[in-house]
>>> print(open('input.txt').read())   # compact mmCIF, C-alpha atoms
# COMPACT_ATOMS: atom_id res chain seq x y z
CA MET A 1 -6.79 -13.88 22.50
CA GLY A 2 -5.87 -15.98 25.53
CA SER A 3 -2.49 -15.88 27.25
CA GLN A 4 -1.38 -19.25 25.84
CA GLU A 5 -2.40 -18.19 22.35
CA SER A 6 -0.75 -14.78 22.64
CA MET A 7 2.53 -16.51 23.45
CA ARG A 8 2.33 -18.40 20.15
CA VAL A 9 1.05 -15.51 17.98
CA PRO A 10 2.63 -12.02 17.88
CA PRO A 11 0.16 -9.17 18.46
CA TRP A 12 0.63 -7.68 14.97
CA LEU A 13 0.00 -10.83 12.90
CA GLU A 14 -3.80 -10.78 12.68
CA SER A 15 -3.74 -7.11 11.73
CA LEU A 16 -1.15 -7.81 9.02
CA LEU A 17 -3.24 -10.63 7.54
CA SER A 18 -6.38 -8.46 7.40
CA THR A 19 -4.67 -5.37 5.93
CA SER A 20 -5.36 -4.34 2.32
CA PHE A 21 -2.23 -3.55 0.33
CA PHE A 22 -1.36 -1.86 -2.98
CA ALA A 23 -3.81 1.03 -2.80
CA VAL A 24 -2.34 4.39 -3.80
CA CYS A 25 -0.96 6.29 -0.79
CA ARG A 26 -3.24 9.17 0.22
CA ILE A 27 -0.25 11.35 1.11
CA HIS A 28 2.17 10.57 -1.74
CA GLY A 29 -0.28 9.68 -4.50
CA ASP A 30 1.54 11.75 -7.13
CA ALA A 31 4.91 10.06 -6.55
CA ALA A 32 6.25 7.17 -8.64
CA ARG A 33 6.44 4.60 -5.81
CA SER A 34 3.24 5.51 -4.03
CA GLU A 35 1.59 2.09 -3.69
CA SER A 36 0.97 1.06 -0.09
CA ASN A 37 2.90 -2.21 0.06
CA MET A 38 4.68 -1.93 3.41
CA TYR A 39 3.67 -2.78 6.97
CA CYS A 40 5.20 -1.70 10.28
CA LEU A 41 5.33 -4.37 12.97
CA ASP A 42 5.96 -1.75 15.66
CA CYS A 43 3.10 0.62 14.78
CA ASN A 44 0.64 -2.16 13.84
CA GLY A 45 -1.42 0.21 11.69
CA ASP A 46 -2.37 0.54 8.03
CA ALA A 47 -0.26 -0.19 4.98
CA PHE A 48 1.96 2.62 3.73
CA CYS A 49 4.30 3.48 0.86
CA PHE A 50 8.04 3.82 0.34
CA TYR A 51 8.03 7.54 1.19
CA CYS A 52 6.03 7.05 4.39
CA ARG A 53 8.60 4.51 5.51
CA SER A 54 11.43 7.00 5.07
CA SER A 55 9.66 9.74 6.98
CA ARG A 56 7.63 7.93 9.69
CA HIS A 57 9.06 4.42 10.16
CA LYS A 58 12.79 4.93 9.68
CA ASP A 59 13.98 2.87 12.67
CA HIS A 60 11.01 0.48 12.89
CA ARG A 61 10.61 -3.17 11.88
CA VAL A 62 9.05 -2.95 8.43
CA ILE A 63 8.27 -5.71 5.95
CA GLN A 64 7.41 -5.28 2.29
CA ILE A 65 4.47 -7.12 0.75
CA ARG A 66 4.65 -8.26 -2.86
CA ARG A 67 2.12 -9.58 -5.34
CA SER A 68 1.93 -12.92 -7.14
CA SER A 69 -1.15 -13.86 -9.16
CA TYR A 70 -3.09 -11.08 -7.40
CA HIS A 71 -2.33 -12.54 -3.97
CA ASP A 72 -0.12 -11.04 -1.26
CA VAL A 73 3.20 -12.73 -0.56
CA VAL A 74 6.19 -11.90 1.61
CA ARG A 75 9.81 -12.87 1.22
CA VAL A 76 10.91 -15.64 3.53
CA SER A 77 14.15 -13.74 4.23
CA GLU A 78 12.09 -10.92 5.78
CA ILE A 79 9.33 -12.76 7.63
CA GLN A 80 11.49 -15.52 9.15
CA LYS A 81 13.29 -12.89 11.23
CA VAL A 82 10.09 -12.27 13.21
CA LEU A 83 8.00 -15.47 12.81
CA ASP A 84 8.50 -19.22 13.04
CA ILE A 85 7.19 -20.14 9.59
CA SER A 86 7.79 -23.89 9.90
CA GLY A 87 5.03 -25.94 8.33
CA VAL A 88 4.07 -23.28 5.75
CA GLN A 89 4.59 -24.08 2.04
CA THR A 90 7.19 -21.86 0.39
CA TYR A 91 7.88 -21.19 -3.28
CA VAL A 92 10.85 -19.85 -5.23
CA ILE A 93 9.62 -17.22 -7.67
CA ASN A 94 11.96 -15.00 -9.68
CA SER A 95 14.86 -16.19 -7.50
CA ALA A 96 13.09 -15.06 -4.32
CA ARG A 97 11.73 -17.54 -1.76
CA VAL A 98 8.25 -16.41 -0.70
CA LEU A 99 5.13 -17.59 1.11
CA PHE A 100 1.50 -16.50 0.90
CA LEU A 101 -0.14 -14.43 3.63
CA ASN A 102 -3.64 -15.83 3.29
CA GLU A 103 -5.60 -18.76 1.92
CA ARG A 104 -6.23 -18.64 -1.84
CA PRO A 105 -9.12 -20.07 -3.87
CA GLN A 106 -8.42 -23.73 -4.62
CA PRO A 107 -7.79 -24.53 -8.29
CA LYS A 108 -8.66 -27.95 -9.61
CA SER A 109 -6.28 -30.34 -7.90
CA GLY A 110 -4.54 -32.91 -10.03
CA LYS A 111 -4.73 -36.65 -9.63
CA GLY A 112 -2.64 -38.25 -6.95
CA VAL A 113 -2.28 -35.16 -4.75
CA SER A 114 -0.66 -36.39 -1.54
CA HIS A 115 -0.11 -33.16 0.41
CA LEU A 116 -3.01 -30.99 1.55
CA CYS A 117 -3.29 -27.92 3.77
CA GLU A 118 -4.68 -29.01 7.15
CA ILE A 119 -7.10 -26.07 7.20
CA CYS A 120 -8.40 -25.39 3.68
CA ALA A 121 -7.38 -28.69 2.00
CA ARG A 122 -5.50 -26.84 -0.74
CA SER A 123 -3.09 -29.12 -2.58
CA LEU A 124 0.54 -28.46 -1.65
CA LEU A 125 3.70 -29.20 -3.60
CA ASP A 126 5.60 -30.64 -0.64
CA PRO A 127 4.89 -32.22 2.77
CA PHE A 128 4.07 -28.98 4.56
CA ARG A 129 1.08 -28.52 6.89
CA PHE A 130 -0.27 -25.16 5.70
CA CYS A 131 -0.65 -23.21 2.46
CA SER A 132 -0.27 -19.80 4.11
CA LEU A 133 0.36 -17.89 7.33
CA GLY A 134 -3.40 -17.40 7.68
CA CYS A 135 -4.10 -21.14 7.73
CA LYS A 136 -1.37 -21.73 10.30
CA LEU A 137 -2.97 -19.04 12.47
CA VAL A 138 -6.35 -20.82 12.26
CA ARG A 139 -4.72 -24.07 13.37
CA ILE A 140 -3.10 -22.39 16.38
CA LYS A 141 -6.44 -20.91 17.42
CA ARG A 142 -8.24 -24.23 17.05
CA ASN A 143 -5.74 -26.71 18.41
CA GLY A 144 -2.72 -24.86 19.76
CA ASP A 145 -0.38 -27.49 18.32
CA ALA A 146 1.71 -25.01 16.31
CA SER A 147 3.44 -21.72 17.04
CA PHE A 148 4.76 -18.58 15.38
CA THR A 149 7.16 -17.89 18.25
CA LEU A 150 10.84 -18.03 17.35
CA GLU A 151 13.09 -20.09 19.58
CA ASN A 152 16.83 -20.24 20.15
CA ASN A 153 17.32 -16.46 19.98
CA GLY A 154 15.64 -16.03 16.66
CA GLU A 155 17.20 -19.00 14.86
CA ILE A 156 14.83 -20.88 12.59
CA LYS A 157 14.02 -24.42 13.61
CA GLU A 158 14.46 -27.19 11.06
CA SER A 159 11.04 -28.79 11.10
CA GLY A 160 11.61 -31.58 8.62
CA GLU A 161 8.28 -30.68 7.01
CA GLY A 162 9.63 -30.23 3.52
CA VAL A 163 12.09 -27.91 1.88
CA SER A 164 11.81 -24.80 -0.21
CA ARG A 165 10.27 -25.69 -3.54
CA ARG A 166 11.50 -24.26 -6.82
CA VAL A 167 8.39 -24.04 -8.91
CA GLY A 168 8.43 -26.01 -12.16
CA ARG A 169 7.31 -24.66 -15.52
CA GLU A 170 3.78 -26.08 -15.43
CA GLU A 171 3.25 -25.30 -11.75
CA GLU A 172 4.66 -21.82 -12.23
CA ASP A 173 2.16 -21.11 -14.99
CA GLN A 174 -0.68 -22.14 -12.67
CA LEU A 175 0.74 -20.08 -9.82
CA ARG A 176 1.31 -16.91 -11.75
CA GLU A 177 -1.59 -17.05 -14.21
CA GLY A 178 0.70 -15.86 -16.94
CA ASN A 179 2.65 -13.17 -15.09
CA LEU A 180 4.92 -13.26 -12.08
CA GLN A 181 6.66 -9.98 -12.80
CA ASP A 182 4.17 -8.33 -10.42
CA ILE A 183 6.14 -9.76 -7.51
CA TYR A 184 8.56 -6.91 -8.23
CA PRO A 185 6.12 -4.11 -9.08
CA SER A 186 8.76 -1.38 -9.12
CA THR A 187 11.28 -3.19 -11.37
CA PRO A 188 11.19 -1.79 -14.92
CA SER A 189 11.16 -4.28 -17.76
CA PRO A 190 14.36 -4.44 -19.85
CA PRO A 191 14.28 -2.48 -23.12
CA ALA A 192 13.76 -4.28 -26.39
CA ASN A 193 16.95 -5.52 -28.00
CA PRO A 194 18.80 -2.26 -28.69
CA ARG A 195 21.42 -3.91 -30.99
CA ARG A 196 18.92 -5.45 -33.33
CA ARG A 197 20.22 -5.38 -36.89
CA LYS A 198 18.17 -3.75 -39.55
CA GLY A 199 16.98 -5.78 -42.51
CA ILE A 200 18.07 -5.23 -46.10
CA PRO A 201 16.67 -1.92 -47.33
CA HIS A 202 14.22 -2.14 -50.23
CA ARG A 203 14.00 0.64 -52.80
CA ALA A 204 10.63 1.79 -54.00
CA PRO A 205 9.98 0.64 -57.60
CA PHE A 206 10.44 3.26 -60.30
CA GLY A 207 7.33 4.58 -61.93
CA SER A 208 6.76 3.56 -65.53
>>> encode(input="input.txt", output="structure tokens")
Amino acid sequence: MGSQESMRVPPWLESLLSTSFFAVCRIHGDAARSESNMYCLDCNGDAFCFYCRSSRHKDHRVIQIRRSSYHDVVRVSEIQKVLDISGVQTYVINSARVLFLNERPQPKSGKGVSHLCEICARSLLDPFRFCSLGCKLVRIKRNGDASFTLENNGEIKESGEGVSRRVGREEEDQLREGNLQDIYPSTPSPPANPRRRKGIPHRAPFGS
């Protein structure tokens, strides 16, 4: 990576985008929250679990990776503290604004699609330039006309390239393939209605 490029891309980003998440932790495999869904920006190593964070990365910069439709996403509130994410399409899923780490397979695009990712030509919901952090990285390497470097002491620049998109019902179904609860893998589902009233009891008929 050249000096100009390294100024636009933090040293940990490529490693983050190539890391495999959600495998069971080799150290804490028997624990309840043992999936490796965290990444340390200071150590720049492998993914690790909740317990590893408490013991080995207590004072480090750590972000948590989540899942949506079997693809890795990160909350905008976490990643925008360390990256300029302008130009990358965001979604609001389960009240959390997220973006995708890497390019995803392109589903059939509908008629009249006006916004496409500059790298993979994936259809976008809004006038953003990229579908993911990975595609923005490719653009920086090719053309150098974008950057991940935060300016103004960490404040996020308003790029005018679209706003956060709350996903509609039809689009949400396509995005989640039937289930978006996996974005919060550790959140238990609510119990079935505990105050459900019983029906009218029926007596067994008397024998003749």
>>> closest_residue(input="input.txt", among="A:Gln80, A:Thr19, A:Ser36, A:Gln64", to="Asn102 of chain A", atoms="all atoms listed in the file")
A:Thr19
>>> closest_residue(input="input.txt", among="A:Leu124, A:Ile85, A:Leu137, A:Ser68", to="Leu16 of chain A", atoms="only C-alpha atoms")
A:Leu137
>>> closest_residue(input="input.txt", among="A:Asn44, A:Gly87, A:Val92, A:Tyr70", to="His115 of chain A", atoms="only C-alpha atoms")
A:Gly87
>>> axis_aligned_box(input="input.txt", around="segment 40-44 of chain A", padding_each_side="4 Å", output="lines of an AutoDock Vina configuration file")
center_x = 3.3
center_y = -1.9
center_z = 13.0
size_x = 13.3
size_y = 13.0
size_z = 13.4
>>> closest_residue(input="input.txt", among="A:Val76, A:Val9, A:Ala23, A:Val98", to="Lys136 of chain A", atoms="all atoms listed in the file")
A:Val9
>>> atom_distance(input="input.txt", atom1="atom CA of Val82 of chain A", atom2="atom CA of Leu41 of chain A")
9.2 Å
>>> closest_residue(input="input.txt", among="A:Ala32, A:Ala121, A:Ala96, A:Met38", to="Ser54 of chain A", atoms="only C-alpha atoms")
A:Met38
>>> atom_distance(input="input.txt", atom1="atom CA of Cys120 of chain A", atom2="atom CA of Pro105 of chain A")
9.3 Å
>>> closest_residue(input="input.txt", among="A:Gly45, A:Gly112, A:Gly29, A:Pro127", to="Pro11 of chain A", atoms="all atoms listed in the file")
A:Gly45
>>> atom_distance(input="input.txt", atom1="atom CA of Ile27 of chain A", atom2="atom CA of Cys40 of chain A")
16.9 Å
>>> residues_around(input="input.txt", residues="Val62 of chain A", least_positions_apart="2", cutoff="10 Å", atoms="all atoms listed in the file", output="list in words")
Met38, Tyr39, Cys40, Leu41, Asp42, Cys43, Arg53, His57, Lys58, Asp59, His60, Gln64, Ile65, Glu78 and Ile79 of chain A
>>> decode(input="input.txt", residues="segment 42-172 of chain A", atoms="C-alpha atoms", output="CSV table (one decimal), in the first residue's frame")
chain,number,residue,atom,x,y,z
A,42,ASP,CA,-5.6,-2.0,17.9
A,43,CYS,CA,-4.5,-5.6,17.8
A,44,ASN,CA,-5.5,-6.2,14.1
A,45,GLY,CA,-5.7,-9.9,14.6
A,46,ASP,CA,-8.4,-12.6,14.4
A,47,ALA,CA,-12.1,-12.3,15.5
A,48,PHE,CA,-12.8,-13.1,19.1
A,49,CYS,CA,-15.8,-13.5,21.5
A,50,PHE,CA,-17.3,-11.5,24.3
A,51,TYR,CA,-15.2,-13.2,27.0
A,52,CYS,CA,-11.9,-12.6,25.1
A,53,ARG,CA,-12.8,-9.0,24.9
A,54,SER,CA,-13.2,-8.7,28.6
A,55,SER,CA,-9.9,-10.5,29.3
A,56,ARG,CA,-7.6,-9.4,26.5
A,57,HIS,CA,-9.0,-6.2,24.9
A,58,LYS,CA,-10.5,-4.3,27.8
A,59,ASP,CA,-9.1,-0.9,26.9
A,60,HIS,CA,-8.8,-1.4,23.1
A,61,ARG,CA,-11.0,-0.1,20.3
A,62,VAL,CA,-13.3,-3.0,19.6
A,63,ILE,CA,-16.2,-3.2,17.1
A,64,GLN,CA,-18.9,-5.8,17.1
A,65,ILE,CA,-19.9,-7.5,13.8
A,66,ARG,CA,-23.5,-8.6,13.3
A,67,ARG,CA,-25.3,-10.7,10.8
A,68,SER,CA,-28.1,-9.9,8.3
A,69,SER,CA,-29.1,-12.4,5.6
A,70,TYR,CA,-25.9,-14.3,6.3
A,71,HIS,CA,-23.8,-11.3,5.5
A,72,ASP,CA,-21.6,-9.3,8.0
A,73,VAL,CA,-22.8,-5.8,8.9
A,74,VAL,CA,-21.6,-3.3,11.4
A,75,ARG,CA,-23.6,-0.5,13.2
A,76,VAL,CA,-23.0,2.9,11.8
A,77,SER,CA,-22.8,4.3,15.4
A,78,GLU,CA,-19.7,2.2,15.9
A,79,ILE,CA,-17.8,2.3,12.6
A,80,GLN,CA,-18.3,6.1,12.0
A,81,LYS,CA,-16.1,6.8,15.0
A,82,VAL,CA,-13.1,5.4,13.2
A,83,LEU,CA,-14.0,5.6,9.4
A,84,ASP,CA,-15.4,8.2,7.0
A,85,ILE,CA,-18.2,6.1,5.6
A,86,SER,CA,-19.6,8.8,3.3
A,87,GLY,CA,-20.8,7.3,0.0
A,88,VAL,CA,-21.7,3.9,1.4
A,89,GLN,CA,-25.3,2.8,1.4
A,90,THR,CA,-26.8,2.4,4.9
A,91,TYR,CA,-29.9,0.6,6.1
A,92,VAL,CA,-32.1,0.8,9.2
A,93,ILE,CA,-32.8,-2.7,10.4
A,94,ASN,CA,-34.5,-3.5,13.7
A,95,SER,CA,-34.0,0.2,14.7
A,96,ALA,CA,-30.3,0.0,14.1
A,97,ARG,CA,-28.5,1.8,11.3
A,98,VAL,CA,-26.0,-0.5,9.7
A,99,LEU,CA,-23.9,-1.0,6.6
A,100,PHE,CA,-22.4,-4.1,4.9
A,101,LEU,CA,-18.7,-4.9,5.2
A,102,ASN,CA,-18.3,-6.6,1.8
A,103,GLU,CA,-20.0,-6.9,-1.6
A,104,ARG,CA,-22.9,-9.3,-1.7
A,105,PRO,CA,-24.2,-11.4,-4.6
A,106,GLN,CA,-26.5,-9.3,-6.8
A,107,PRO,CA,-30.2,-10.3,-6.7
A,108,LYS,CA,-32.3,-9.6,-9.7
A,109,SER,CA,-32.6,-5.8,-10.0
A,110,GLY,CA,-36.0,-4.3,-10.6
A,111,LYS,CA,-37.0,-2.1,-13.5
A,112,GLY,CA,-36.0,1.5,-13.4
A,113,VAL,CA,-33.1,1.1,-11.0
A,114,SER,CA,-31.3,4.5,-11.0
A,115,HIS,CA,-28.6,4.0,-8.3
A,116,LEU,CA,-25.8,1.5,-8.8
A,117,CYS,CA,-22.6,0.7,-6.8
A,118,GLU,CA,-19.7,2.1,-8.8
A,119,ILE,CA,-17.7,-1.1,-8.3
A,120,CYS,CA,-20.0,-4.1,-8.5
A,121,ALA,CA,-23.1,-2.4,-10.1
A,122,ARG,CA,-25.4,-3.6,-7.3
A,123,SER,CA,-28.6,-1.7,-7.2
A,124,LEU,CA,-28.8,0.7,-4.3
A,125,LEU,CA,-31.8,2.2,-2.6
A,126,ASP,CA,-30.5,5.8,-2.6
A,127,PRO,CA,-27.9,8.0,-4.4
A,128,PHE,CA,-24.9,6.5,-2.7
A,129,ARG,CA,-21.7,5.5,-4.5
A,130,PHE,CA,-21.0,2.1,-2.9
A,131,CYS,CA,-22.9,-0.9,-1.5
A,132,SER,CA,-20.3,-1.7,1.1
A,133,LEU,CA,-17.0,-0.8,2.8
A,134,GLY,CA,-15.2,-3.3,0.6
A,135,CYS,CA,-16.4,-1.6,-2.7
A,136,LYS,CA,-15.3,1.8,-1.4
A,137,LEU,CA,-11.9,0.3,-0.6
A,138,VAL,CA,-11.6,-1.0,-4.2
A,139,ARG,CA,-12.4,2.5,-5.5
A,140,ILE,CA,-9.8,4.1,-3.4
A,141,LYS,CA,-7.2,1.6,-4.6
A,142,ARG,CA,-8.1,2.1,-8.3
A,143,ASN,CA,-8.8,5.8,-8.5
A,144,GLY,CA,-7.9,7.5,-5.1
A,145,ASP,CA,-11.0,9.7,-5.4
A,146,ALA,CA,-12.5,8.7,-2.0
A,147,SER,CA,-11.2,8.3,1.5
A,148,PHE,CA,-11.8,6.6,4.8
A,149,THR,CA,-9.9,9.2,6.8
A,150,LEU,CA,-12.0,11.2,9.2
A,151,GLU,CA,-11.6,15.0,9.1
A,152,ASN,CA,-12.5,17.8,11.5
A,153,ASN,CA,-11.3,15.9,14.6
A,154,GLY,CA,-13.5,12.9,14.0
A,155,GLU,CA,-16.7,14.6,13.0
A,156,ILE,CA,-18.5,13.0,10.1
A,157,LYS,CA,-18.7,15.0,6.9
A,158,GLU,CA,-22.1,15.6,5.3
A,159,SER,CA,-21.5,14.2,1.8
A,160,GLY,CA,-24.9,14.9,0.3
A,161,GLU,CA,-24.8,11.4,-1.2
A,162,GLY,CA,-28.1,10.3,0.2
A,163,VAL,CA,-29.5,9.8,3.7
A,164,SER,CA,-30.0,6.8,5.9
A,165,ARG,CA,-32.7,4.6,4.4
A,166,ARG,CA,-35.4,2.9,6.5
A,167,VAL,CA,-36.0,-0.3,4.6
A,168,GLY,CA,-39.6,-0.8,3.4
A,169,ARG,CA,-41.6,-4.0,3.8
A,170,GLU,CA,-40.9,-5.5,0.4
A,171,GLU,CA,-37.2,-4.4,0.4
A,172,GLU,CA,-36.8,-5.7,3.9
